[in-house]
>>> print(open('query_4.csv').read())   # CSV, C-alpha atoms
chain,number,residue,atom,x,y,z
A,5,MET,CA,0.7,-16.1,-12.4
A,6,ALA,CA,0.7,-12.3,-11.9
A,7,THR,CA,0.4,-10.8,-8.4
A,8,ALA,CA,-2.4,-8.3,-8.3
A,9,ALA,CA,-1.8,-4.8,-7.1
A,10,PRO,CA,-2.7,-4.2,-3.5
A,11,SER,CA,-4.7,-1.1,-4.4
A,12,SER,CA,-6.6,-3.0,-7.1
A,13,GLN,CA,-7.4,-5.7,-4.5
A,14,TYR,CA,-8.6,-3.0,-2.1
A,15,LEU,CA,-11.0,-1.4,-4.5
A,16,ALA,CA,-12.4,-4.7,-5.7
A,17,THR,CA,-13.0,-5.8,-2.1
A,18,GLN,CA,-14.7,-2.5,-1.3
A,19,ALA,CA,-16.9,-2.8,-4.4
A,20,THR,CA,-17.8,-6.4,-3.8
A,21,THR,CA,-18.6,-5.9,-0.1
A,22,LEU,CA,-20.8,-2.9,-0.8
A,23,SER,CA,-22.6,-4.5,-3.8
A,24,ASN,CA,-23.5,-7.6,-1.8
A,25,GLN,CA,-25.0,-5.6,1.1
A,26,LYS,CA,-28.7,-5.3,1.2
A,27,PRO,CA,-30.1,-1.8,1.8
A,28,VAL,CA,-30.7,-1.1,5.5
A,29,PRO,CA,-32.7,1.6,7.2
A,30,ALA,CA,-30.7,4.7,8.0
A,31,SER,CA,-31.1,4.0,11.7
A,32,GLN,CA,-29.2,0.7,11.3
A,33,ALA,CA,-26.5,1.8,8.9
A,34,ARG,CA,-22.8,1.6,9.9
A,35,THR,CA,-21.3,2.5,6.6
A,36,ALA,CA,-22.3,5.3,4.2
A,37,GLN,CA,-20.9,5.5,0.7
A,38,ILE,CA,-21.6,8.8,-1.1
A,39,PRO,CA,-20.8,9.4,-4.8
A,40,LEU,CA,-20.0,13.1,-5.3
A,41,GLN,CA,-20.6,15.0,-8.5
A,42,SER,CA,-19.4,18.2,-6.8
A,43,PHE,CA,-17.8,19.2,-3.6
A,44,ASN,CA,-21.1,19.8,-1.9
A,45,LEU,CA,-21.8,17.0,0.6
A,46,PRO,CA,-25.4,16.1,1.2
A,47,THR,CA,-27.1,16.7,4.5
A,48,PHE,CA,-27.3,13.6,6.6
A,49,PRO,CA,-30.7,12.6,8.0
A,50,ALA,CA,-31.3,13.1,11.7
A,51,GLU,CA,-31.4,9.4,12.4
A,52,ALA,CA,-27.9,9.0,11.1
A,53,PHE,CA,-26.6,10.9,14.0
A,54,SER,CA,-27.9,8.4,16.5
A,55,ALA,CA,-27.4,5.2,14.5
A,56,GLY,CA,-23.8,4.7,15.4
A,57,LEU,CA,-22.4,5.2,11.8
A,58,THR,CA,-18.7,4.4,11.9
A,59,SER,CA,-17.5,4.5,8.3
A,60,LEU,CA,-17.8,7.1,5.6
A,61,ILE,CA,-16.7,6.5,1.9
A,62,LEU,CA,-16.7,9.5,-0.4
A,63,THR,CA,-16.2,8.6,-4.1
A,64,SER,CA,-15.6,11.0,-6.9
A,65,ASP,CA,-18.2,10.8,-9.7
A,66,ILE,CA,-17.0,14.2,-11.1
A,67,LYS,CA,-16.8,14.5,-14.8
A,68,LEU,CA,-13.2,15.1,-15.9
A,69,ASP,CA,-14.1,18.1,-18.1
A,70,GLU,CA,-15.8,19.7,-15.1
A,71,TYR,CA,-13.3,18.9,-12.5
A,72,GLN,CA,-10.9,21.8,-12.9
A,73,GLU,CA,-13.7,24.4,-12.8
A,74,LEU,CA,-15.2,22.8,-9.6
A,75,LEU,CA,-11.8,23.2,-7.8
A,76,GLY,CA,-12.4,27.0,-7.9
A,77,LYS,CA,-16.0,27.0,-6.9
A,78,PRO,CA,-17.5,27.2,-3.3
A,79,PHE,CA,-18.1,23.9,-1.5
A,80,SER,CA,-20.2,22.9,1.5
A,81,VAL,CA,-19.5,20.4,4.2
A,82,PRO,CA,-22.5,20.0,6.6
A,83,ASP,CA,-22.4,18.5,10.1
A,84,LEU,CA,-21.4,14.8,10.1
A,85,PRO,CA,-22.1,12.1,12.7
A,86,GLY,CA,-19.5,12.2,15.4
A,87,SER,CA,-19.5,8.4,15.6
A,88,ILE,CA,-17.6,8.2,12.3
A,89,ASN,CA,-14.1,6.9,12.9
A,90,ALA,CA,-13.1,5.6,9.4
A,91,LEU,CA,-12.9,7.7,6.3
A,92,THR,CA,-12.2,6.6,2.7
A,93,LEU,CA,-11.6,9.1,-0.1
A,94,GLU,CA,-11.7,7.5,-3.6
A,95,MET,CA,-10.8,8.6,-7.1
A,96,PHE,CA,-10.5,12.4,-6.5
A,97,SER,CA,-8.0,12.5,-9.3
A,98,LEU,CA,-7.2,16.2,-9.3
A,99,GLY,CA,-7.6,16.7,-5.6
A,100,TYR,CA,-9.9,19.1,-3.7
A,101,PRO,CA,-10.7,22.8,-3.6
A,102,PRO,CA,-8.4,24.6,-1.1
A,103,GLY,CA,-10.0,24.5,2.3
A,104,PHE,CA,-12.3,21.5,1.6
A,105,LEU,CA,-10.2,19.0,3.5
A,106,THR,CA,-9.8,21.3,6.4
A,107,GLU,CA,-13.6,21.8,6.7
A,108,LEU,CA,-14.1,18.0,6.3
A,109,GLY,CA,-11.6,17.4,9.1
A,110,LYS,CA,-13.4,19.8,11.4
A,111,LYS,CA,-16.6,17.7,11.1
A,112,LEU,CA,-14.7,14.4,11.6
A,113,ARG,CA,-12.6,14.9,14.7
A,114,GLY,CA,-12.4,11.3,15.8
A,115,LEU,CA,-10.9,9.5,12.8
A,116,LYS,CA,-8.9,6.4,13.6
A,117,SER,CA,-8.6,5.1,10.1
A,118,LEU,CA,-7.9,7.0,6.8
A,119,THR,CA,-7.8,5.5,3.3
A,120,VAL,CA,-7.0,7.6,0.3
A,121,TYR,CA,-7.2,6.0,-3.1
A,122,SER,CA,-6.1,7.0,-6.6
A,123,GLN,CA,-5.7,10.8,-6.5
A,124,LEU,CA,-3.6,13.9,-6.0
A,125,PHE,CA,-4.4,14.1,-2.3
A,126,ALA,CA,-2.5,17.3,-1.7
A,127,GLY,CA,-3.3,18.8,-5.1
A,128,THR,CA,-0.8,20.8,-7.1
A,129,THR,CA,-0.7,24.2,-5.5
A,130,GLY,CA,0.7,25.6,-2.2
A,131,GLU,CA,-2.9,26.2,-1.0
A,132,SER,CA,-4.0,22.7,-1.6
A,133,ASN,CA,-0.8,21.3,0.0
A,134,SER,CA,-1.5,23.3,3.1
A,135,ASP,CA,-5.1,22.2,3.2
A,136,ALA,CA,-4.0,18.5,3.2
A,137,LEU,CA,-1.4,19.1,5.9
A,138,VAL,CA,-3.9,20.9,8.2
A,139,PHE,CA,-6.4,18.0,7.7
A,140,ILE,CA,-3.8,15.4,8.8
A,141,ARG,CA,-2.5,17.5,11.7
A,142,ASN,CA,-6.0,17.9,13.1
A,143,GLN,CA,-6.6,14.1,13.1
A,144,THR,CA,-4.8,13.4,16.4
A,145,ASP,CA,-6.4,9.9,16.9
A,146,LEU,CA,-5.3,8.3,13.7
A,147,GLN,CA,-4.0,4.8,14.1
A,148,GLU,CA,-3.9,3.6,10.5
A,149,ILE,CA,-3.4,5.3,7.2
A,150,HIS,CA,-3.6,3.7,3.7
A,151,LEU,CA,-2.3,5.7,0.8
A,152,LEU,CA,-3.1,3.7,-2.4
A,153,ASP,CA,-1.9,5.2,-5.7
A,154,VAL,CA,-1.7,8.6,-4.1
A,155,PHE,CA,0.6,11.1,-5.8
A,156,MET,CA,1.9,14.4,-4.3
A,157,PRO,CA,4.7,17.0,-4.9
A,158,LEU,CA,8.2,16.3,-3.6
A,159,GLY,CA,8.4,16.8,0.1
A,160,VAL,CA,4.7,16.7,0.9
A,161,LEU,CA,4.8,13.1,2.2
A,162,THR,CA,7.5,14.1,4.6
A,163,LYS,CA,5.4,17.0,5.9
A,164,LEU,CA,2.3,14.8,6.1
A,165,SER,CA,4.2,12.3,8.2
A,166,ASP,CA,5.1,15.0,10.6
A,167,GLY,CA,1.4,15.3,11.2
A,168,PHE,CA,0.5,11.7,11.7
A,169,ALA,CA,3.6,10.7,13.6
A,170,GLY,CA,2.8,9.5,17.1
A,171,GLU,CA,0.0,7.0,17.7
A,172,LEU,CA,0.1,5.5,14.2
A,173,LYS,CA,0.2,1.7,14.3
A,174,PHE,CA,-0.5,0.7,10.6
A,175,LEU,CA,0.9,2.5,7.6
A,176,GLU,CA,0.3,1.3,4.0
A,177,ILE,CA,1.8,3.1,1.0
A,178,SER,CA,1.3,1.3,-2.3
A,179,TYR,CA,1.5,2.0,-6.0
A,180,THR,CA,0.3,0.1,-9.1
A,181,PHE,CA,3.2,0.0,-11.6
A,182,ARG,CA,2.4,1.7,-14.9
A,183,HIS,CA,4.1,0.2,-18.0
A,184,SER,CA,2.8,3.0,-20.2
A,185,ASP,CA,4.9,5.6,-18.3
A,186,PRO,CA,8.7,5.2,-18.7
A,187,HIS,CA,9.2,7.8,-15.9
A,188,PHE,CA,6.6,6.3,-13.5
A,189,LEU,CA,9.1,5.4,-10.8
A,190,ASN,CA,10.2,9.1,-10.7
A,191,THR,CA,6.7,10.0,-9.6
A,192,VAL,CA,6.8,7.8,-6.5
A,193,PRO,CA,8.3,9.6,-3.4
A,194,MET,CA,10.5,6.6,-2.4
A,195,LYS,CA,13.3,8.8,-1.2
A,196,GLU,CA,10.9,10.0,1.6
A,197,PHE,CA,9.9,6.5,2.8
A,198,ALA,CA,12.9,6.0,5.2
A,199,GLY,CA,12.1,9.3,6.9
A,200,VAL,CA,8.5,8.4,7.3
A,201,LEU,CA,9.5,5.1,9.0
A,202,ALA,CA,11.9,7.0,11.2
A,203,LYS,CA,9.2,9.3,12.5
A,204,ASN,CA,6.9,6.4,13.3
A,205,LYS,CA,8.9,3.9,15.3
A,206,GLY,CA,5.8,2.7,17.1
A,207,LEU,CA,4.4,1.1,13.9
A,208,VAL,CA,3.2,-2.5,14.2
A,209,ALA,CA,2.6,-2.9,10.5
A,210,ALA,CA,4.3,-1.0,7.6
A,211,SER,CA,3.8,-1.6,3.9
A,212,PHE,CA,5.7,0.0,1.0
A,213,VAL,CA,4.6,-1.8,-2.1
A,214,MET,CA,4.9,-1.7,-5.9
A,215,GLY,CA,2.0,-3.9,-7.2
A,216,SER,CA,1.4,-5.3,-10.7
A,217,PRO,CA,-1.5,-4.0,-12.7
A,218,ASP,CA,-4.4,-6.4,-13.2
A,219,VAL,CA,-4.3,-8.2,-16.5
A,220,THR,CA,-7.5,-7.6,-18.4
A,221,GLY,CA,-6.6,-8.9,-21.9
A,222,ASP,CA,-7.7,-5.6,-23.5
A,223,GLU,CA,-5.2,-5.0,-26.3
A,224,ASP,CA,-6.0,-1.3,-26.3
A,225,ASP,CA,-5.1,-1.0,-22.6
A,226,LYS,CA,-1.3,-1.3,-22.2
A,227,GLU,CA,-1.8,-1.6,-18.4
A,228,GLY,CA,-4.2,-4.5,-19.0
A,229,THR,CA,-1.9,-6.5,-21.2
A,230,GLU,CA,1.5,-6.2,-19.5
A,231,GLU,CA,2.2,-7.7,-16.1
A,232,GLY,CA,5.0,-7.5,-13.6
A,233,VAL,CA,6.8,-4.6,-12.0
A,234,ARG,CA,10.1,-2.8,-11.6
A,235,VAL,CA,11.5,-2.0,-8.2
A,236,VAL,CA,14.2,0.4,-7.0
A,237,GLY,CA,17.6,-0.4,-5.5
A,238,GLY,CA,20.7,1.8,-5.0
A,239,GLU,CA,21.0,4.5,-2.4
A,240,VAL,CA,17.3,4.9,-1.7
A,241,ALA,CA,16.9,1.2,-0.9
A,242,THR,CA,20.1,1.3,1.2
A,243,ASN,CA,18.8,4.2,3.2
A,244,PHE,CA,15.6,2.4,4.0
A,245,VAL,CA,17.4,-0.7,5.1
A,246,GLU,CA,19.7,1.3,7.3
A,247,GLU,CA,16.8,2.9,9.0
A,248,ILE,CA,15.7,-0.5,10.1
A,249,VAL,CA,19.1,-2.2,10.8
A,250,LYS,CA,21.0,0.8,12.3
A,251,ASN,CA,18.4,3.1,13.6
A,252,GLY,CA,15.8,0.7,15.1
A,253,GLY,CA,13.0,1.6,12.7
A,254,GLY,CA,11.5,-1.9,12.8
A,255,LYS,CA,11.7,-2.9,16.4
A,256,GLU,CA,7.9,-3.0,17.0
A,257,LEU,CA,7.0,-4.3,13.5
A,258,VAL,CA,4.9,-7.5,13.4
A,259,MET,CA,4.3,-7.0,9.6
A,260,LEU,CA,6.7,-5.4,7.1
A,261,ASP,CA,6.3,-5.2,3.4
A,262,MET,CA,9.1,-3.3,1.8
A,263,SER,CA,8.9,-4.9,-1.6
A,264,VAL,CA,9.1,-1.6,-3.4
A,265,PHE,CA,12.9,-1.8,-2.8
A,266,ASP,CA,15.4,-4.1,-4.5
A,267,ILE,CA,17.7,-5.3,-1.7
A,268,GLY,CA,20.3,-8.0,-1.2
A,269,LYS,CA,20.3,-11.4,0.6
A,270,VAL,CA,22.4,-10.0,3.4
A,271,ASP,CA,20.0,-7.2,3.9
A,272,VAL,CA,17.1,-9.6,4.4
A,273,VAL,CA,19.1,-11.6,7.0
A,274,GLU,CA,20.0,-8.4,8.9
A,275,ILE,CA,16.4,-7.1,8.8
A,276,LEU,CA,15.1,-10.4,10.1
A,277,GLY,CA,17.7,-10.3,12.9
A,278,ARG,CA,16.8,-6.8,13.9
A,279,CYS,CA,13.0,-7.1,13.8
A,280,GLY,CA,12.5,-9.6,16.6
A,281,LYS,CA,8.7,-9.3,16.6
A,282,LEU,CA,8.3,-9.8,12.9
A,283,ARG,CA,5.8,-12.4,11.8
A,284,ILE,CA,5.0,-11.4,8.2
A,285,GLY,CA,7.7,-10.2,5.9
A,286,SER,CA,7.7,-9.3,2.2
A,287,PHE,CA,10.9,-8.3,0.3
A,288,SER,CA,12.2,-7.8,-3.2
A,289,VAL,CA,15.6,-9.5,-3.5
A,290,GLY,CA,18.3,-9.5,-6.2
A,291,LEU,CA,19.1,-13.1,-7.2
A,292,GLU,CA,22.1,-14.1,-9.3
A,293,GLU,CA,21.2,-17.7,-10.0
A,294,GLY,CA,18.0,-18.8,-8.2
A,295,TRP,CA,16.1,-19.3,-5.0
A,296,GLU,CA,18.7,-21.6,-3.4
A,297,GLU,CA,21.2,-18.7,-2.7
A,298,LEU,CA,18.5,-16.8,-0.8
A,299,PHE,CA,17.1,-19.6,1.3
A,300,GLU,CA,20.6,-20.8,2.2
A,301,ALA,CA,21.5,-17.2,3.3
A,302,ILE,CA,18.4,-17.0,5.4
A,303,GLY,CA,19.0,-20.4,7.0
A,304,GLU,CA,18.0,-20.3,10.7
A,305,ASN,CA,17.6,-16.6,10.8
A,306,VAL,CA,13.8,-16.5,10.5
A,307,SER,CA,13.3,-16.0,14.3
A,308,GLY,CA,9.5,-16.1,14.7
A,309,LEU,CA,8.6,-15.4,11.1
A,310,GLU,CA,5.5,-17.2,10.0
A,311,SER,CA,4.9,-15.9,6.5
A,312,LEU,CA,7.5,-14.8,3.9
A,313,GLU,CA,7.0,-13.3,0.5
A,314,ILE,CA,9.9,-12.8,-1.9
A,315,VAL,CA,9.7,-10.9,-5.1
A,316,GLY,CA,12.7,-12.1,-7.1
A,317,VAL,CA,14.8,-9.6,-9.1
A,318,PRO,CA,16.7,-11.9,-11.4
A,319,GLY,CA,20.3,-11.5,-12.5
A,320,GLU,CA,21.6,-12.6,-15.9
A,321,LYS,CA,22.2,-16.2,-14.8
A,322,MET,CA,18.8,-16.6,-13.3
A,323,VAL,CA,17.2,-15.1,-16.5
A,324,GLU,CA,19.0,-17.7,-18.6
A,325,ARG,CA,17.8,-20.4,-16.2
A,326,LEU,CA,14.2,-19.2,-16.5
A,327,LYS,CA,14.5,-19.3,-20.3
A,328,GLU,CA,15.9,-22.8,-20.3
A,329,ARG,CA,13.8,-24.5,-17.6
A,330,GLY,CA,10.7,-22.3,-17.4
A,331,ASP,CA,11.0,-22.0,-13.6
A,332,ALA,CA,13.5,-20.7,-11.0
A,333,GLY,CA,14.0,-24.1,-9.2
A,334,LEU,CA,12.1,-23.6,-6.0
A,335,ASN,CA,11.2,-27.0,-4.4
A,336,GLU,CA,10.9,-28.6,-1.0
A,337,GLU,CA,14.6,-29.3,-0.7
A,338,VAL,CA,15.4,-25.6,-1.2
A,339,LEU,CA,12.7,-24.5,1.3
A,340,LYS,CA,14.1,-26.9,3.9
A,341,LYS,CA,17.2,-24.8,4.0
A,342,THR,CA,15.3,-22.4,6.2
A,343,GLY,CA,15.4,-24.1,9.6
A,344,GLY,CA,12.9,-22.1,11.5
A,345,GLU,CA,9.9,-24.1,12.8
A,346,SER,CA,7.7,-21.0,12.8
A,347,LEU,CA,7.7,-20.4,9.0
A,348,LYS,CA,4.5,-21.9,7.6
A,349,SER,CA,4.0,-20.0,4.3
A,350,VAL,CA,6.3,-18.9,1.5
A,351,LYS,CA,5.2,-16.9,-1.6
A,352,VAL,CA,7.6,-16.2,-4.4
A,353,SER,CA,7.4,-14.5,-7.8
A,354,ILE,CA,9.7,-13.1,-10.4
A,355,LEU,CA,8.9,-9.3,-10.4
A,356,ARG,CA,5.3,-10.3,-9.5
A,357,THR,CA,5.0,-12.8,-12.3
A,358,LYS,CA,5.3,-16.6,-12.3
A,359,GLY,CA,4.0,-16.7,-8.7
A,360,GLU,CA,4.2,-19.7,-6.4
A,361,HIS,CA,2.7,-20.3,-3.0
A,362,TRP,CA,4.1,-23.0,-0.6
A,363,VAL,CA,2.8,-24.0,2.8
A,364,LYS,CA,4.2,-26.3,5.4
A,365,GLU,CA,1.9,-29.0,6.7
A,366,SER,CA,3.0,-31.6,9.3
A,367,GLY,CA,6.6,-30.5,8.7
A,368,ALA,CA,6.5,-31.0,4.9
A,369,TRP,CA,6.4,-28.2,2.3
A,370,LYS,CA,3.5,-28.4,-0.2
A,371,LYS,CA,3.0,-26.3,-3.3
A,372,LEU,CA,-0.5,-24.7,-3.6
A,373,ALA,CA,0.0,-22.7,-6.7
>>> encode(input="query_4.csv", output="structure tokens")
Amino acid sequence: MATAAPSSQYLATQATTLSNQKPVPASQARTAQIPLQSFNLPTFPAEAFSAGLTSLILTSDIKLDEYQELLGKPFSVPDLPGSINALTLEMFSLGYPPGFLTELGKKLRGLKSLTVYSQLFAGTTGESNSDALVFIRNQTDLQEIHLLDVFMPLGVLTKLSDGFAGELKFLEISYTFRHSDPHFLNTVPMKEFAGVLAKNKGLVAASFVMGSPDVTGDEDDKEGTEEGVRVVGGEVATNFVEEIVKNGGGKELVMLDMSVFDIGKVDVVEILGRCGKLRIGSFSVGLEEGWEELFEAIGENVSGLESLEIVGVPGEKMVERLKERGDAGLNEEVLKKTGGESLKSVKVSILRTKGEHWVKESGAWKKLA
């Protein structure tokens, strides 16, 4: 069973929610979704300014062969309802005209939530980089940021994090693995993740994820026929672990998903020991033979953890075991090796394939899937 990419789940949820909603009068609307075929935003009706509109979703409907030309044309951003506190920017694949984000930010001063999906948010030029930075710096009330399949030049994420450091409580950075691109991992700014965490020590929830593409069965779509992911170990993973274990980067975390990194069993134990408030944890862990070695290592060190997800990164012996038996040997006896009473849910997979979900009911572990 493949594990769907978080960004895919997000977009599907957005689409389903909006498609199921019945049209409402402008005076009663709380969310506005606007497809854009250019960078000229429509003028909002007068009643929208008194309706209590809280969420704005801008979705690119720009034709790819017209996109580059539009980046050099004038744009317009009219006044927007001051009640808007959540902004979603979807599918602006090539970014924005320089200055567009700055103007948009001037009209949306009270944002608490920002979601950016599938795009070059900071563009490819110095001007567009600066535009994105100014936009972020002017949003002084941001409490949560979701960057989903967002790509940017080296160093830009670090600069952006300088802008949103402070009051931020929830940070999500996720990518959908691309099997068609052998250099895909080099496009993800993982070397900057530890620094981002270091600047936001007040985070309650932090998510750094590599998700598997949705399997569509379309033989002409490589991303739709191949499942699973690759994750990154080595120095970049070590630096991230050290930010938590040695520098106190996870002291306030209630939820941590760092499954983009391949870490060791000892690392997991140390992180659980340092993050005393952690209730939900997701990790990618290198395994030599099977699940037993990990759950034995964790033992009583779950503290108050309630939900644990492990993305297994199999070594040679575990790969042979999978070939011979078809499973990695997770069972109730293995799960009992974690002695914490608080732990109620365990999800495991092999590089986001062959997923299993176990829950503890009345003291006994039960497999759901």
>>> closest_residue(input="query_4.csv", among="A:Met194, A:Val236, A:Leu93, A:Leu189", to="Leu151 of chain A", atoms="all atoms listed in the file")
A:Leu93
>>> closest_residue(input="query_4.csv", among="A:Gly367, A:Arg325, A:Arg283, A:Tyr121", to="Ser64 of chain A", atoms="only C-alpha atoms")
A:Tyr121
>>> atom_distance(input="query_4.csv", atom1="atom CA of Val338 of chain A", atom2="atom CA of Lys371 of chain A")
12.6 Å
>>> closest_residue(input="query_4.csv", among="A:Asn243, A:Thr180, A:Ser97, A:Thr129", to="Ile66 of chain A", atoms="all atoms listed in the file")
A:Ser97
>>> residues_around(input="query_4.csv", residues="segment 260-262 of chain A", least_positions_apart="2", cutoff="7 Å", atoms="all atoms listed in the file", output="MDAnalysis selection string")
chainID A and resid 209:213 257:258 264:265 284:287
>>> atom_distance(input="query_4.csv", atom1="atom CA of Val249 of chain A", atom2="atom CA of Val272 of chain A")
10.0 Å
>>> residues_around(input="query_4.csv", residues="Leu98 of chain A", least_positions_apart="5", cutoff="10 Å", atoms="all atoms listed in the file", output="list of chain:residue names")
A:Leu68, A:Tyr71, A:Gln72, A:Leu75, A:Ser122, A:Gln123, A:Leu124, A:Phe125, A:Ala126, A:Gly127, A:Thr128, A:Phe155
>>> closest_residue(input="query_4.csv", among="A:Leu60, A:Phe174, A:Glu304, A:Gly232", to="Glu256 of chain A", atoms="only C-alpha atoms")
A:Phe174
>>> atom_distance(input="query_4.csv", atom1="atom CA of Lys173 of chain A", atom2="atom CA of Gly206 of chain A")
6.3 Å
